[in-house]
Amino acid sequence: MTPSRPTSAPEGPAGRALRRLIGPDRRIAIRRLGLLAAVIALIVLVATLTGGPDGRQTAERYAAAWSQRDWATMHALLTPDAQKQHPLLRFARENRAALATATATALRTGKPSHDRDSWTIPVTVQTRAFGVVKGAVRVPLTSDGDPLRVIWSPELAFPGLRRGEQLTRTTTMPQRGALLARDGTVLARRGDRGSAIADVAGQVVGGLAPITPDRALALRALGVPPDALVGMTGLERIFEARLGGVPRGTLNAGSRLLARGAGSPGADVRTTISPTVERAAIAALAGRYGGVVAYDPRDGALLAFAGIPFSQLQPPGSTFKIITVAAALEAGIASPKDSFPFASQAVLSGVKLANAGGEVCGGTLALAFAISCNSVFAPLGARLGAERLVRTATAFGFNVAPPVPGAAISTIPAPGAIGDDLAVGSSAIGQGRVAATTLQMAAVAGTIADRGRRPLLTLSLATAQARAAHRAGARGGRAVSAKTAKRVERLMLGVVRGGTGAAAAIPGVPVAGKTGTAELKNRDPGDTTINPQDTDAWFVAYAPAGRGRPRIVVGVMLVAAGAGGASAAPAAQGVLLAGLKRP
């Protein structure tokens, strides 16, 4: 019988490695083998957890949120330590900054795949300056907590980054595109930005200037280098993205090249500006501080602007009564045939609110509107109530971003913030804390012109022409019903035919309008005196009204220029005529 041999490690490289691990002491060997088994089991457990259903769900939720740029959901999936190191606002800023550096216009994530203790997410980034950038981001998960969380670090903000690398770029701007009037006349040449019609260009083109902090991120996302000169005002700003072109340059991960872009020159932009109407707007302003704007309601094309029609917020005065009367008619609390007592003042919240100059007025709603009677419209606004007044004003465009980039937002306080009946009544006549641009009040008149639909305004001729071909495309949301708009139009016709806006009348052409005289200083509600230097003059109108489709809408606001009927209405008449005569 062959004697048995003692158990020993196998021969070969594996055996020698095992003997080195075991050593001469079997008790130590057993402990070492136990420790090794525990480590292996832990690794298997972690891999199993992160690769299981919970891990897949976390990875897929993170990827889906990333493709939607939902930083809040992504942040909620991070570990507590990562959330502490990168609070939500910082986390969002870091991710947005990476996408802006890459000039990303879209980001898509693919189906995550498991790899040990992490998930790999395919990412495709469409950029403006560097084409398509593809890569994979390895997202580590941890079982610290339930459900599994993402161990986040800054290199996860963009595909292709390695630990410790930053995403950077170098870009150079191409030649800037030219600006053209609607008839093709050059408003700003390539290169020196000069124009053959300097009088028109000087009002609308605007200027170039260094980047301001409030626009830095938006321009960075276009690829604009920080030392570039960009459109700061006028058409230069409005069409910055098209005029500036696409910069050429490189996108880098640390010292490594990720992508390269060849760039493209700025595009020439043909605007809706009519030199004829623009010169009429300049003449209407006559060097005074204020704003003039005109547009074609058929396609929303802005034909002219002069002064500060987009940026200056002022109390709109009685032009706001267009909104008040529309809301009252829509709510059924007033009718054009209703009669109101003649009075020199109204009493709201126990306070006397006097008519301008102590005028005694009243009668039918049509007459009160034509002569702009505050003692009728302030109580009507209070009866309407803050809720309905603000809702209607919002439908007309208040508290809504305007269609012109960089233009100020016209505002009216929230219903609960306006105050008592006196405050609601003051708001209803365009005073109190109501503030509007000339552009906004022109759009209010244009909403009535288009039978209650808010206009979609544009300075791009191509956009206007496309809308003209599809009439419905020039219309925004509905502010009031077509029936109400027709009734308001009849009231506005009365303003010009025999009311405060008679100075804007055009022989043979029906003009619908509304004057406004807005107080700039607070005074005793019972004070009947008027200081022209303390009032803005307003007038908004369109023509031809009543029959056919209107062809021109005009808004005029003159700061500290007295009464609207005396100053703004005659100024608007010339712009209306120019708009009607243009081809």
# chains A, B, ... in the order shown; residues from 1 in each chain; ligands from 1

$ select_by_dssp --residues "segment 368-552 of chain A" --states "strand (DSSP E or B)" --output "VMD selection string"
chain A and resid 411 435 to 436 453 to 455 458 460 475 to 478 506 509 512 to 519 535 to 543 552

$ closest_atom_pairs --of "segment 430-465 of chain A" --to "segment 509-514 of chain A" --cutoff "10 Å" --atoms "only C-alpha atoms" --output "JSON lines"
{"residue": "A:Ala445", "atom": "CA", "partner": "A:Gly513", "partner_atom": "CA", "distance": 7.5}
{"residue": "A:Ile448", "atom": "CA", "partner": "A:Ala512", "partner_atom": "CA", "distance": 9.5}
{"residue": "A:Ala449", "atom": "CA", "partner": "A:Ala512", "partner_atom": "CA", "distance": 8.6}

$ residues_around --residues "Pro174 of chain A" --least-positions-apart "5" --cutoff "9 Å" --atoms "only C-alpha atoms" --output "list in words"
Gly244, Gly245, Val246, Pro247, Arg248, Gly263, Ser264, Pro265 and Gly266 of chain A

$ closest_residue --among "A:Val424, A:Val204, A:Ala63, A:Ala482" --to "Thr124 of chain A" --atoms "only C-alpha atoms"
A:Ala63

$ residues_around --residues "segment 315-324 of chain A" --least-positions-apart "6" --cutoff "9 Å" --atoms "only C-alpha atoms" --output "number ranges by chain"
A: 369, 372-374, 377, 380-381, 384, 389, 392-393, 396, 427-438, 441, 444-445, 448, 488, 492, 513-520, 536-540, 557

$ residues_around --residues "Ala408 of chain A" --least-positions-apart "2" --cutoff "9 Å" --atoms "only C-alpha atoms" --output "list in words"
Phe310, Ser311, Gln312, Leu313, Ala401, Pro402, Val404, Pro405, Gly406, Ser410, Ala436 and Thr437 of chain A

$ write_last_selection --atoms "N, CA and C atoms" --output "PDB file, in the first residue's frame"
ATOM      1  N   PHE A 310     -38.620 100.916 -26.327  1.00  0.00           N
ATOM      2  CA  PHE A 310     -38.491  99.562 -25.799  1.00  0.00           C
ATOM      3  C   PHE A 310     -38.026  99.529 -24.347  1.00  0.00           C
ATOM      4  N   SER A 311     -37.317 100.553 -23.918  1.00  0.00           N
ATOM      5  CA  SER A 311     -36.626 100.474 -22.638  1.00  0.00           C
ATOM      6  C   SER A 311     -37.225 101.305 -21.515  1.00  0.00           C
ATOM      7  N   GLN A 312     -37.937 102.380 -21.837  1.00  0.00           N
ATOM      8  CA  GLN A 312     -38.406 103.302 -20.804  1.00  0.00           C
ATOM      9  C   GLN A 312     -39.787 102.915 -20.292  1.00  0.00           C
ATOM     10  N   LEU A 313     -39.864 102.582 -19.009  1.00  0.00           N
ATOM     11  CA  LEU A 313     -41.140 102.274 -18.375  1.00  0.00           C
ATOM     12  C   LEU A 313     -41.706 103.540 -17.734  1.00  0.00           C
ATOM     13  N   ALA A 401     -42.724  88.639 -20.926  1.00  0.00           N
ATOM     14  CA  ALA A 401     -41.526  89.029 -21.660  1.00  0.00           C
ATOM     15  C   ALA A 401     -41.913  89.542 -23.045  1.00  0.00           C
ATOM     16  N   PRO A 402     -41.426  90.720 -23.443  1.00  0.00           N
ATOM     17  CA  PRO A 402     -41.799  91.290 -24.746  1.00  0.00           C
ATOM     18  C   PRO A 402     -41.104  90.568 -25.897  1.00  0.00           C
ATOM     19  N   VAL A 404     -39.278  91.762 -28.282  1.00  0.00           N
ATOM     20  CA  VAL A 404     -38.014  92.364 -28.700  1.00  0.00           C
ATOM     21  C   VAL A 404     -36.943  92.064 -27.643  1.00  0.00           C
ATOM     22  N   PRO A 405     -35.862  91.362 -27.998  1.00  0.00           N
ATOM     23  CA  PRO A 405     -34.819  91.055 -27.018  1.00  0.00           C
ATOM     24  C   PRO A 405     -34.274  92.310 -26.358  1.00  0.00           C
ATOM     25  N   GLY A 406     -34.163  92.267 -25.034  1.00  0.00           N
ATOM     26  CA  GLY A 406     -33.629  93.398 -24.295  1.00  0.00           C
ATOM     27  C   GLY A 406     -34.660  94.430 -23.906  1.00  0.00           C
ATOM     28  N   SER A 410     -43.340  95.372 -19.227  1.00  0.00           N
ATOM     29  CA  SER A 410     -44.358  96.245 -18.652  1.00  0.00           C
ATOM     30  C   SER A 410     -45.043  95.519 -17.505  1.00  0.00           C
ATOM     31  N   ALA A 436     -45.413 100.946 -18.181  1.00  0.00           N
ATOM     32  CA  ALA A 436     -45.447 100.348 -19.519  1.00  0.00           C
ATOM     33  C   ALA A 436     -44.454 101.038 -20.447  1.00  0.00           C
ATOM     34  N   THR A 437     -44.039 100.294 -21.461  1.00  0.00           N
ATOM     35  CA  THR A 437     -43.243 100.871 -22.549  1.00  0.00           C
ATOM     36  C   THR A 437     -44.170 101.333 -23.666  1.00  0.00           C
TER      37      THR A 437
END

$ residues_around --residues "segment 212-222 of chain A" --least-positions-apart "5" --cutoff "8 Å" --atoms "only C-alpha atoms" --output "JSON, numbers by chain"
{"A": [97, 99, 100, 101, 102, 103, 104, 128, 129, 241, 246]}

$ atom_distance --atom1 "atom CA of Cys361 of chain A" --atom2 "atom CA of Val556 of chain A"
25.6 Å

$ select_by_dssp --residues "segment 77-168 of chain A" --states "helix (DSSP H, G or I)" --output "VMD selection string"
chain A and resid 80 to 85 88 to 101 154 to 157

$ residues_around --residues "Glu359 of chain A" --least-positions-apart "3" --cutoff "9 Å" --atoms "only C-alpha atoms" --output "MDAnalysis selection string"
chainID A and resid 343:345 354:356 373 528
